[in-house]
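*Asks:* Supplied structure: query.cif, mmCIF, C-alpha atoms (C1' of nucleotides).
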```
data_model
#
loop_
_atom_site.label_atom_id
_atom_site.label_comp_id
_atom_site.auth_asym_id
_atom_site.auth_seq_id
_atom_site.Cartn_x
_atom_site.Cartn_y
_atom_site.Cartn_z
CA MET A 1 -74.24 14.20 51.16
CA ILE A 2 -73.19 12.49 54.40
CA ALA A 3 -71.33 15.61 55.42
CA VAL A 4 -74.29 17.90 54.79
CA LEU A 5 -76.76 15.66 56.54
CA GLY A 6 -74.24 15.11 59.32
CA ALA A 7 -73.82 18.84 59.86
CA LEU A 8 -77.57 19.29 60.07
CA SER A 9 -77.82 16.37 62.50
CA VAL A 10 -76.01 18.52 65.06
CA GLU A 11 -78.35 21.49 64.78
CA PRO A 12 -80.46 23.34 62.21
CA MET A 13 -78.58 25.93 60.19
CA THR A 14 -78.44 27.79 56.88
CA GLY A 15 -76.69 26.40 53.82
CA TYR A 16 -73.99 28.95 54.34
CA ALA A 17 -73.42 27.70 57.86
CA VAL A 18 -73.33 24.10 56.60
CA ARG A 19 -70.56 25.13 54.29
CA GLU A 20 -68.61 26.84 57.08
CA ASN A 21 -69.08 23.91 59.40
CA ILE A 22 -67.83 21.44 56.84
CA ARG A 23 -64.83 23.64 56.11
CA ASP A 24 -63.96 24.38 59.73
CA VAL A 25 -64.92 21.19 61.51
CA LEU A 26 -64.42 18.45 58.93
CA GLY A 27 -61.91 20.43 56.89
CA HIS A 28 -58.89 18.28 57.70
CA PHE A 29 -60.40 15.16 56.17
CA TRP A 30 -63.39 16.26 54.10
CA SER A 31 -64.53 19.04 51.81
CA GLU A 32 -67.59 20.03 49.83
CA SER A 33 -67.68 22.88 47.37
CA VAL A 34 -70.45 25.49 47.26
CA GLY A 35 -71.67 24.02 44.03
CA GLN A 36 -72.33 20.77 45.86
CA ILE A 37 -73.98 22.05 48.98
CA TYR A 38 -77.01 23.92 47.66
CA PRO A 39 -78.05 21.27 45.14
CA THR A 40 -77.57 18.61 47.83
CA LEU A 41 -79.74 20.58 50.20
CA ALA A 42 -82.42 20.92 47.50
CA ASP A 43 -82.21 17.16 46.91
CA LEU A 44 -82.51 16.37 50.58
CA GLU A 45 -85.53 18.64 50.84
CA ARG A 46 -87.18 16.96 47.86
CA GLN A 47 -86.67 13.59 49.55
CA GLY A 48 -88.11 14.84 52.82
CA LEU A 49 -84.85 14.31 54.66
CA VAL A 50 -84.53 17.95 55.65
CA ARG A 51 -87.14 20.65 56.25
CA ARG A 52 -86.67 24.24 55.09
CA GLN A 53 -87.91 27.03 57.32
CA HIS A 54 -87.73 30.81 57.18
CA GLY A 55 -84.33 32.11 58.13
CA ALA A 56 -83.59 35.16 60.22
CA ARG A 57 -83.35 37.37 57.12
CA PRO A 58 -85.40 37.58 53.95
CA GLY A 59 -84.11 35.14 51.33
CA SER A 60 -82.34 32.92 53.83
CA SER A 61 -83.45 29.47 54.95
CA MET A 62 -82.89 27.41 58.04
CA PHE A 63 -82.55 23.73 57.24
CA ALA A 64 -83.42 21.13 59.86
CA ILE A 65 -82.99 17.38 59.60
CA THR A 66 -86.19 15.29 59.81
CA PRO A 67 -86.50 11.90 61.59
CA GLU A 68 -86.34 10.24 58.15
CA GLY A 69 -83.22 12.25 57.45
CA HIS A 70 -81.64 10.95 60.63
CA GLU A 71 -82.57 7.41 59.61
CA HIS A 72 -81.07 7.97 56.18
CA LEU A 73 -77.88 9.36 57.68
CA LYS A 74 -77.43 6.16 59.67
CA GLU A 75 -77.87 4.12 56.50
CA LEU A 76 -75.40 6.26 54.60
CA LEU A 77 -72.84 5.91 57.38
CA GLY A 78 -73.22 2.14 57.16
CA GLU A 79 -72.59 2.02 53.43
CA PRO A 80 -69.22 0.74 52.24
CA ILE A 81 -66.47 3.30 51.90
CA GLN A 82 -65.44 3.75 48.31
CA GLN A 83 -61.91 5.02 48.22
CA ALA A 84 -60.64 7.25 45.48
CA PRO A 85 -57.92 5.90 43.20
CA PRO A 86 -54.53 6.90 44.60
CA ARG A 87 -53.05 10.03 43.11
CA ASN A 88 -50.10 11.35 45.06
CA GLY A 89 -48.36 14.04 43.05
CA LEU A 90 -45.44 14.25 45.47
CA LEU A 91 -44.59 10.56 45.21
CA LEU A 92 -45.03 10.70 41.44
CA ARG A 93 -42.41 13.43 41.23
CA LEU A 94 -40.05 11.70 43.62
CA PHE A 95 -40.37 8.43 41.73
CA PHE A 96 -38.95 10.21 38.70
CA GLY A 97 -36.29 11.75 40.91
CA SER A 98 -33.41 10.82 38.62
CA THR A 99 -35.06 12.91 35.90
CA LEU A 100 -36.08 15.70 38.25
CA GLY A 101 -32.70 15.92 39.92
CA PRO A 102 -31.60 15.31 43.54
CA ASP A 103 -31.76 18.96 44.55
CA ALA A 104 -35.36 19.39 43.48
CA CYS A 105 -36.18 16.13 45.31
CA ARG A 106 -34.61 17.43 48.48
CA ALA A 107 -36.64 20.62 48.13
CA LEU A 108 -39.85 18.65 47.70
CA LEU A 109 -39.13 16.54 50.76
CA GLU A 110 -38.25 19.56 52.85
CA GLN A 111 -41.42 21.29 51.79
CA ALA A 112 -43.49 18.21 52.58
CA ARG A 113 -41.87 18.00 56.00
CA ALA A 114 -42.49 21.67 56.70
CA ASP A 115 -46.13 21.29 55.68
CA ALA A 116 -46.51 18.25 57.89
CA ARG A 117 -45.00 20.10 60.84
CA GLN A 118 -47.44 22.92 60.36
CA ARG A 119 -50.37 20.55 60.11
CA LEU A 120 -49.15 18.81 63.26
CA ALA A 121 -49.09 22.09 65.15
CA GLY A 122 -52.57 22.85 63.86
CA PHE A 123 -53.84 19.51 65.10
CA GLN A 124 -52.44 20.11 68.54
CA ALA A 125 -54.20 23.46 68.72
CA LEU A 126 -57.39 21.88 67.43
CA ARG A 127 -57.16 19.13 70.02
CA ALA A 128 -57.01 21.67 72.79
CA ALA A 129 -59.93 23.62 71.34
CA ILE A 130 -62.29 20.70 70.89
CA THR A 131 -61.40 19.20 74.26
CA ALA A 132 -62.78 22.40 75.74
CA GLU A 133 -65.76 22.81 73.40
CA ASP A 134 -67.07 19.40 72.35
CA ASN A 135 -69.74 17.62 74.29
CA PRO A 136 -68.66 14.33 75.91
CA ASP A 137 -70.56 12.20 73.37
CA GLN A 138 -68.82 13.73 70.39
CA LEU A 139 -65.38 14.24 71.89
CA PRO A 140 -63.93 10.72 71.49
CA TYR A 141 -64.89 10.66 67.82
CA SER A 142 -63.47 14.10 67.17
CA LEU A 143 -60.28 13.00 68.87
CA ILE A 144 -60.06 9.92 66.66
CA THR A 145 -60.05 12.04 63.52
CA ILE A 146 -57.52 14.45 64.95
CA SER A 147 -55.34 11.57 66.02
CA ALA A 148 -55.44 10.25 62.47
CA GLY A 149 -54.15 13.58 61.23
CA GLU A 150 -51.40 13.62 63.83
CA HIS A 151 -50.25 10.10 63.04
CA SER A 152 -50.27 10.91 59.36
CA ALA A 153 -48.28 14.11 59.83
CA ARG A 154 -45.74 12.43 62.08
CA GLY A 155 -45.42 9.67 59.51
CA VAL A 156 -44.66 12.19 56.80
CA ILE A 157 -42.04 13.88 58.97
CA ALA A 158 -40.30 10.61 59.77
CA TRP A 159 -40.47 9.54 56.14
CA ALA A 160 -39.04 12.83 54.90
CA ASP A 161 -36.20 12.68 57.43
CA GLU A 162 -35.37 9.15 56.40
CA SER A 163 -35.62 9.92 52.70
CA LEU A 164 -33.47 13.03 52.93
CA ALA A 165 -30.82 10.95 54.67
CA ALA A 166 -31.11 8.28 51.98
CA LEU A 167 -30.64 10.89 49.26
CA ASP A 168 -27.58 12.24 51.01
CA ALA A 169 -26.14 8.75 51.15
CA ALA A 170 -26.96 7.98 47.51
CA ALA A 171 -25.98 11.32 45.96
CA PRO A 172 -23.49 13.24 48.13
CA GLU A 173 -24.58 16.66 46.85
CA ALA A 174 -22.38 18.59 49.31
CA PRO A 175 -25.05 19.22 51.95
CA ALA A 176 -23.11 21.50 54.29
CA ALA A 177 -19.84 19.68 53.59
CA LEU A 178 -17.47 21.80 55.66
CA ASP A 179 -16.64 19.29 58.34
CA ALA A 180 -13.65 17.21 59.36
CA THR A 181 -14.58 14.01 57.50
CA ALA A 182 -12.38 13.72 54.43
CA PRO A 183 -14.23 13.91 51.10
CA PRO A 184 -13.95 10.74 48.94
CA GLU A 185 -10.65 10.71 47.00
CA MET B 1 -49.76 12.90 31.70
CA ILE B 2 -46.62 12.85 33.85
CA ALA B 3 -47.15 9.16 34.51
CA VAL B 4 -47.53 8.28 30.83
CA LEU B 5 -44.55 10.33 29.75
CA GLY B 6 -42.59 9.00 32.70
CA ALA B 7 -43.31 5.40 31.76
CA LEU B 8 -42.15 6.05 28.21
CA SER B 9 -39.02 7.78 29.50
CA VAL B 10 -37.86 4.39 30.76
CA GLU B 11 -38.27 2.58 27.46
CA PRO B 12 -40.54 2.57 24.40
CA MET B 13 -43.69 0.50 24.76
CA THR B 14 -47.28 0.08 23.64
CA GLY B 15 -50.18 1.93 25.24
CA TYR B 16 -51.23 -1.33 26.78
CA ALA B 17 -47.83 -1.73 28.39
CA VAL B 18 -47.96 1.87 29.63
CA ARG B 19 -51.19 1.01 31.36
CA GLU B 20 -49.71 -2.13 32.95
CA ASN B 21 -46.61 -0.31 34.05
CA ILE B 22 -48.58 2.46 35.70
CA ARG B 23 -50.77 -0.09 37.44
CA ASP B 24 -47.96 -2.37 38.57
CA VAL B 25 -45.12 0.05 39.22
CA LEU B 26 -46.81 3.27 40.29
CA GLY B 27 -49.98 1.56 41.46
CA HIS B 28 -49.51 2.22 45.15
CA PHE B 29 -49.54 5.98 44.71
CA TRP B 30 -50.88 6.71 41.23
CA SER B 31 -53.45 5.47 38.76
CA GLU B 32 -54.64 6.25 35.27
CA SER B 33 -57.68 4.69 33.66
CA VAL B 34 -57.72 3.29 30.12
CA GLY B 35 -59.88 6.17 29.04
CA GLN B 36 -57.08 8.53 30.02
CA ILE B 37 -54.11 6.74 28.55
CA TYR B 38 -54.97 6.52 24.85
CA PRO B 39 -56.18 10.11 24.52
CA THR B 40 -53.10 11.29 26.42
CA LEU B 41 -50.88 9.31 24.09
CA ALA B 42 -52.64 10.85 21.06
CA ASP B 43 -52.15 14.30 22.61
CA LEU B 44 -48.48 13.69 23.25
CA GLU B 45 -48.02 12.52 19.68
CA ARG B 46 -49.74 15.61 18.31
CA GLN B 47 -47.38 17.76 20.36
CA GLY B 48 -44.35 15.86 19.12
CA LEU B 49 -43.48 14.65 22.62
CA VAL B 50 -43.72 10.98 21.68
CA ARG B 51 -43.21 9.19 18.37
CA ARG B 52 -45.44 6.34 17.23
CA GLN B 53 -43.86 3.42 15.39
CA HIS B 54 -45.16 0.12 14.07
CA GLY B 55 -45.70 -2.39 16.84
CA ALA B 56 -44.89 -6.08 16.68
CA ARG B 57 -48.41 -6.88 15.52
CA PRO B 58 -50.75 -5.23 13.04
CA GLY B 59 -52.82 -2.54 14.71
CA SER B 60 -50.42 -2.08 17.59
CA SER B 61 -48.05 0.85 18.11
CA MET B 62 -44.80 1.32 19.95
CA PHE B 63 -44.56 4.74 21.52
CA ALA B 64 -41.16 6.28 22.16
CA ILE B 65 -40.42 9.53 23.96
CA THR B 66 -38.68 12.24 21.89
CA PRO B 67 -35.98 14.62 23.21
CA GLU B 68 -38.67 17.34 23.40
CA GLY B 69 -40.80 14.90 25.34
CA HIS B 70 -38.00 14.37 27.81
CA GLU B 71 -37.62 18.11 28.16
CA HIS B 72 -41.34 18.49 28.73
CA LEU B 73 -41.32 15.74 31.35
CA LYS B 74 -38.69 17.66 33.30
CA GLU B 75 -40.87 20.78 33.15
CA LEU B 76 -43.95 18.88 34.25
CA LEU B 77 -42.07 17.37 37.18
CA GLY B 78 -41.04 20.86 38.24
CA GLU B 79 -44.58 22.20 38.22
CA PRO B 80 -46.28 22.76 41.56
CA ILE B 81 -48.16 19.83 43.02
CA GLN B 82 -51.86 20.48 43.17
CA GLN B 83 -53.35 18.36 45.86
CA ALA B 84 -56.87 17.05 45.70
CA PRO B 85 -59.33 18.30 48.32
CA PRO B 86 -59.32 15.89 51.26
CA ARG B 87 -62.06 13.27 51.18
CA ASN B 88 -61.52 10.50 53.68
CA GLY B 89 -64.66 8.41 53.92
CA LEU B 90 -63.36 6.44 56.89
CA LEU B 91 -62.77 9.52 59.03
CA LEU B 92 -66.09 10.98 57.94
CA ARG B 93 -67.87 7.89 59.25
CA LEU B 94 -65.85 7.79 62.45
CA PHE B 95 -66.51 11.47 63.10
CA PHE B 96 -70.21 10.67 63.20
CA GLY B 97 -69.45 7.67 65.38
CA SER B 98 -72.06 8.51 67.98
CA THR B 99 -74.70 8.21 65.24
CA LEU B 100 -73.10 5.18 63.64
CA GLY B 101 -72.61 3.34 66.92
CA PRO B 102 -69.47 2.16 68.74
CA ASP B 103 -69.58 -1.38 67.38
CA ALA B 104 -69.63 -0.27 63.77
CA CYS B 105 -66.78 2.12 64.55
CA ARG B 106 -64.74 -0.69 66.03
CA ALA B 107 -65.41 -2.76 62.91
CA LEU B 108 -64.29 0.09 60.67
CA LEU B 109 -61.09 0.56 62.63
CA GLU B 110 -60.34 -3.15 62.62
CA GLN B 111 -60.90 -3.32 58.89
CA ALA B 112 -58.66 -0.32 58.33
CA ARG B 113 -55.96 -1.92 60.45
CA ALA B 114 -56.23 -5.22 58.60
CA ASP B 115 -55.98 -3.41 55.26
CA ALA B 116 -52.95 -1.49 56.44
CA ARG B 117 -51.26 -4.68 57.60
CA GLN B 118 -51.83 -6.24 54.23
CA ARG B 119 -50.48 -3.19 52.44
CA LEU B 120 -47.46 -3.24 54.72
CA ALA B 121 -46.72 -6.86 53.84
CA GLY B 122 -47.11 -5.99 50.17
CA PHE B 123 -44.62 -3.15 50.49
CA GLN B 124 -42.10 -5.41 52.12
CA ALA B 125 -42.39 -7.89 49.26
CA LEU B 126 -42.17 -5.06 46.75
CA ARG B 127 -39.07 -3.70 48.45
CA ALA B 128 -37.34 -7.04 48.07
CA ALA B 129 -38.37 -7.32 44.43
CA ILE B 130 -37.22 -3.90 43.31
CA THR B 131 -33.98 -4.10 45.27
CA ALA B 132 -33.18 -7.07 43.04
CA GLU B 133 -34.55 -5.64 39.80
CA ASP B 134 -34.11 -1.87 39.73
CA ASN B 135 -31.03 -0.23 38.31
CA PRO B 136 -28.92 1.69 40.83
CA ASP B 137 -30.05 5.09 39.49
CA GLN B 138 -33.71 4.37 39.99
CA LEU B 139 -33.50 2.32 43.17
CA PRO B 140 -33.25 5.12 45.76
CA TYR B 141 -36.31 6.86 44.31
CA SER B 142 -38.32 3.67 44.17
CA LEU B 143 -37.37 3.03 47.77
CA ILE B 144 -38.53 6.50 48.78
CA THR B 145 -42.02 5.83 47.44
CA ILE B 146 -42.18 2.42 49.06
CA SER B 147 -40.98 3.88 52.33
CA ALA B 148 -43.80 6.43 52.14
CA GLY B 149 -46.27 3.59 51.84
CA GLU B 150 -44.74 1.75 54.76
CA HIS B 151 -44.75 4.79 57.01
CA SER B 152 -48.33 5.49 56.08
CA ALA B 153 -49.42 1.91 56.75
CA ARG B 154 -47.62 1.78 60.08
CA GLY B 155 -49.24 5.08 60.97
CA VAL B 156 -52.67 3.69 60.26
CA ILE B 157 -51.97 0.59 62.35
CA ALA B 158 -50.77 2.64 65.33
CA TRP B 159 -53.71 5.01 64.98
CA ALA B 160 -56.22 2.17 64.81
CA ASP B 161 -54.71 0.50 67.87
CA GLU B 162 -54.84 3.74 69.81
CA SER B 163 -58.36 4.55 68.67
CA LEU B 164 -59.70 1.11 69.49
CA ALA B 165 -58.26 1.48 72.96
CA ALA B 166 -59.84 4.93 73.27
CA LEU B 167 -63.22 3.54 72.26
CA ASP B 168 -62.91 0.77 74.82
CA ALA B 169 -62.17 3.36 77.48
CA ALA B 170 -65.02 5.65 76.43
CA ALA B 171 -67.68 2.98 75.79
CA PRO B 172 -66.94 -0.26 77.67
CA GLU B 173 -68.77 -2.49 75.15
CA ALA B 174 -67.62 -5.76 76.78
CA PRO B 175 -64.71 -6.50 74.45
CA ALA B 176 -63.68 -10.02 75.53
CA ALA B 177 -64.48 -9.34 79.17
CA LEU B 178 -63.78 -12.80 80.62
CA ASP B 179 -60.64 -12.05 82.58
CA ALA B 180 -59.63 -11.65 86.19
CA THR B 181 -60.06 -7.87 86.41
CA ALA B 182 -63.28 -7.13 88.20
CA PRO B 183 -65.94 -5.40 86.02
CA PRO B 184 -67.00 -1.93 87.32
CA GLU B 185 -69.67 -2.30 90.03
"C1'" DA C 1 -61.91 -23.80 18.07
"C1'" DT C 2 -61.88 -21.31 21.90
"C1'" DC C 3 -60.14 -18.90 25.81
"C1'" DG C 4 -57.24 -15.60 27.84
"C1'" DA C 5 -53.99 -12.12 27.18
"C1'" DC C 6 -52.63 -8.37 24.06
"C1'" DA C 7 -54.07 -4.11 21.91
"C1'" DT C 8 -56.62 0.32 20.67
"C1'" DG C 9 -59.86 3.24 20.87
"C1'" DT C 10 -64.67 5.89 21.78
"C1'" DA C 11 -68.94 7.37 23.97
"C1'" DA C 12 -71.75 8.25 27.59
"C1'" DG C 13 -72.20 9.66 31.78
"C1'" DT C 14 -70.83 11.09 36.55
"C1'" DC C 15 -68.84 14.03 39.62
"C1'" DG C 16 -67.16 18.12 41.21
"C1'" DT C 17 -64.99 22.71 40.92
"C1'" DT C 18 -64.85 27.52 39.69
"C1'" DA C 19 -66.76 31.54 38.48
"C1'" DC C 20 -70.50 34.30 38.02
"C1'" DA C 21 -74.82 36.74 39.36
"C1'" DT C 22 -77.44 38.69 42.94
"C1'" DG C 23 -78.75 40.79 46.97
"C1'" DA C 24 -79.21 41.83 52.35
"C1'" DT C 25 -77.04 43.17 56.54
"C1'" DT C 26 -73.63 44.90 59.71
"C1'" DA C 27 -69.47 47.18 61.39
"C1'" DG C 28 -66.37 50.95 60.94
"C1'" DC D 1 -71.03 55.25 52.76
"C1'" DT D 2 -68.55 51.32 51.95
"C1'" DA D 3 -66.37 47.15 52.72
"C1'" DA D 4 -66.83 42.69 54.64
"C1'" DT D 5 -69.72 39.08 55.75
"C1'" DC D 6 -73.90 36.58 55.25
"C1'" DA D 7 -76.67 34.13 51.95
"C1'" DT D 8 -78.43 31.49 47.78
"C1'" DG D 9 -78.16 29.77 43.75
"C1'" DT D 10 -76.70 28.49 38.53
"C1'" DA D 11 -73.89 27.65 34.49
"C1'" DA D 12 -69.98 26.32 32.26
"C1'" DC D 13 -66.47 23.64 32.20
"C1'" DG D 14 -63.13 20.00 33.20
"C1'" DA D 15 -61.58 15.62 34.85
"C1'" DC D 16 -62.18 11.00 35.01
"C1'" DT D 17 -64.45 6.37 34.96
"C1'" DT D 18 -66.99 2.70 32.97
"C1'" DA D 19 -68.62 0.22 29.51
"C1'" DC D 20 -68.67 -0.85 24.95
"C1'" DA D 21 -66.84 -2.14 20.31
"C1'" DT D 22 -63.35 -4.39 17.77
"C1'" DG D 23 -59.75 -7.23 16.50
"C1'" DT D 24 -55.09 -10.17 16.88
"C1'" DC D 25 -52.30 -13.75 18.75
"C1'" DG D 26 -50.75 -17.85 21.26
"C1'" DA D 27 -51.70 -21.81 23.90
"C1'" DT D 28 -54.60 -25.89 24.88
#
```
Show this structure as structure tokens.

*Replies:*
Amino acid sequence: MIAVLGALSVEPMTGYAVRENIRDVLGHFWSESVGQIYPTLADLERQGLVRRQHGARPGSSMFAITPEGHEHLKELLGEPIQQAPPRNGLLLRLFFGSTLGPDACRALLEQARADARQRLAGFQALRAAITAEDNPDQLPYSLITISAGEHSARGVIAWADESLAALDAAAPEAPAALDATAPPE
Amino acid sequence: MIAVLGALSVEPMTGYAVRENIRDVLGHFWSESVGQIYPTLADLERQGLVRRQHGARPGSSMFAITPEGHEHLKELLGEPIQQAPPRNGLLLRLFFGSTLGPDACRALLEQARADARQRLAGFQALRAAITAEDNPDQLPYSLITISAGEHSARGVIAWADESLAALDAAAPEAPAALDATAPPE
DNA sequence: ATCGACATGTAAGTCGTTACATGATTAG
DNA sequence: CTAATCATGTAACGACTTACATGTCGAT
């Protein structure tokens, strides 16, 4: 709802383009499925918050936000954030690490770290792209969201490093053990 | 499912206790609602993964995990993690910061930082508690999940600090401006 | 005797995803 | 000509939450 109206607040576009914009621009912190977008658009039209005009091709529509829609967007943005109940499948598995086994835990942490590194690289590319493309009004806010992603990714990397070290200390599972330090006993 | 079976893998307990354990022990990264727990328990019983015995009072049941249940838990823990589509209401609002207004953005960031500080304090208390209570097998894995929370909270604090500074630089909204540095012009 | 914690369940409803159905247009 | 992309929608299903309904037990 906010995302759809927000996309249209930038410029008029088709529902398909709304979907692409949400995926490509907001994708790292928000998502809407197809099944959400068209009904939402129909709702917004019914409420007079967007106007539907003929698209470039037969059967397609250009949606444009109305002044009331812009008003409504402001209200929506001011509404309290309701956060989803936490549900972190990685931490759930790691919590039961003694059942899962230390090796599988190490693998999970390494995977999480690799994913975070990739995301971090993506954010750095994205930062460069939007610094070139965004208008000066939007740029600081885009940068804030990218910065959030970067901080989060760096946090995951540091956490995974630390946790892998902790696992090595707790369960010496011979992680490349061919060095000069004498094994215990 | 994993959470319920995992709770019962520690010791037999009532459904009510399962709920409390999930809330109190896994609460910072996982949650199950009442409406999930009892049907899940009934499912697990039907599949022979838990056994129901008479509870201490009439009408109450003690649930205990069976060997097959323990096997199944291992399998579940090994299954790929499916992560929920991202949906961060805070970042969504901040992204549309030029519509929302700089002051409201500042307020959101300050709130997020305050929340993160509180979570961080909670984690530090929790760390002390479980270090005293947990058995040595479980402790490292509990610490890993707490550490994840701490890293995340510290990340949010650093990000909020940075972003507040960025907003001050981009939109000099007179944030406590009574100091010796001359205002521009 | 009454209040809060313990205890188990169900029903209704919300939210959201996935898959399907359909068709136009454009690039190779 | 044909594959990919553009474009719009719906239907079925699944996941989950909230509220309700019911009853026991222990402490004050």

*Asks:* Spell out the residues picked by the PyMOL selection byres ((chain C) within 12 of (chain A)) here, as a CSV table (one decimal) with C-alpha atoms (C1' of nucleotides), keeping the file's coordinate frame.

*Replies:*
```csv
chain,number,residue,atom,x,y,z
C,15,DC,C1',-68.8,14.0,39.6
C,16,DG,C1',-67.2,18.1,41.2
C,17,DT,C1',-65.0,22.7,40.9
C,18,DT,C1',-64.8,27.5,39.7
C,19,DA,C1',-66.8,31.5,38.5
C,20,DC,C1',-70.5,34.3,38.0
C,22,DT,C1',-77.4,38.7,42.9
C,23,DG,C1',-78.8,40.8,47.0
C,24,DA,C1',-79.2,41.8,52.4
C,25,DT,C1',-77.0,43.2,56.5
```

*Asks:* Determine the residue membership of the PyMOL selection byres ((chain A) within 12 of (chain D)) for the file above and supply it as a ChimeraX atom specification.

*Replies:* /A:13-20,34-42,55-62,84-85

*Asks:* What is the distance, in Å and to one decimal place, between atom C1' of DT26 of chain C and atom CA of Val25 of chain A?

*Replies:*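 The value is 25.3 Å.
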
*Asks:* So which residues get picked by the PyMOL selection byres ((chain A) within 7 of (chain B)) here, written as a PyMOL selection string?

*Replies:* chain A and resi 28-31+74+77+81+85-91+93-95+97-100+137-138+141-142+144-145+147-148+151-152+155+159+163

*Asks:* Kindly give the distance, in Å, that separates atom CA of Asp134 of chain B and atom CA of His72 of chain B, rounded to a single decimal.

*Replies:* 24.2 Å

*Asks:* Separation of atom CA of Thr66 of chain A and atom CA of Ile22 of chain A, in Å?

*Replies:*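 Calculated distance between atom CA of Thr66 of chain A and atom CA of Ile22 of chain A is 19.6 Å.
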
*Asks:* Please identify all polymer residues within 9 Å of Gly48 of chain A, counting all atoms listed in the file, omitting same-chain residues fewer than 4 positions from it, and present them as a ChimeraX atom specification.

*Replies:* /A:43-44,65-66,68-69
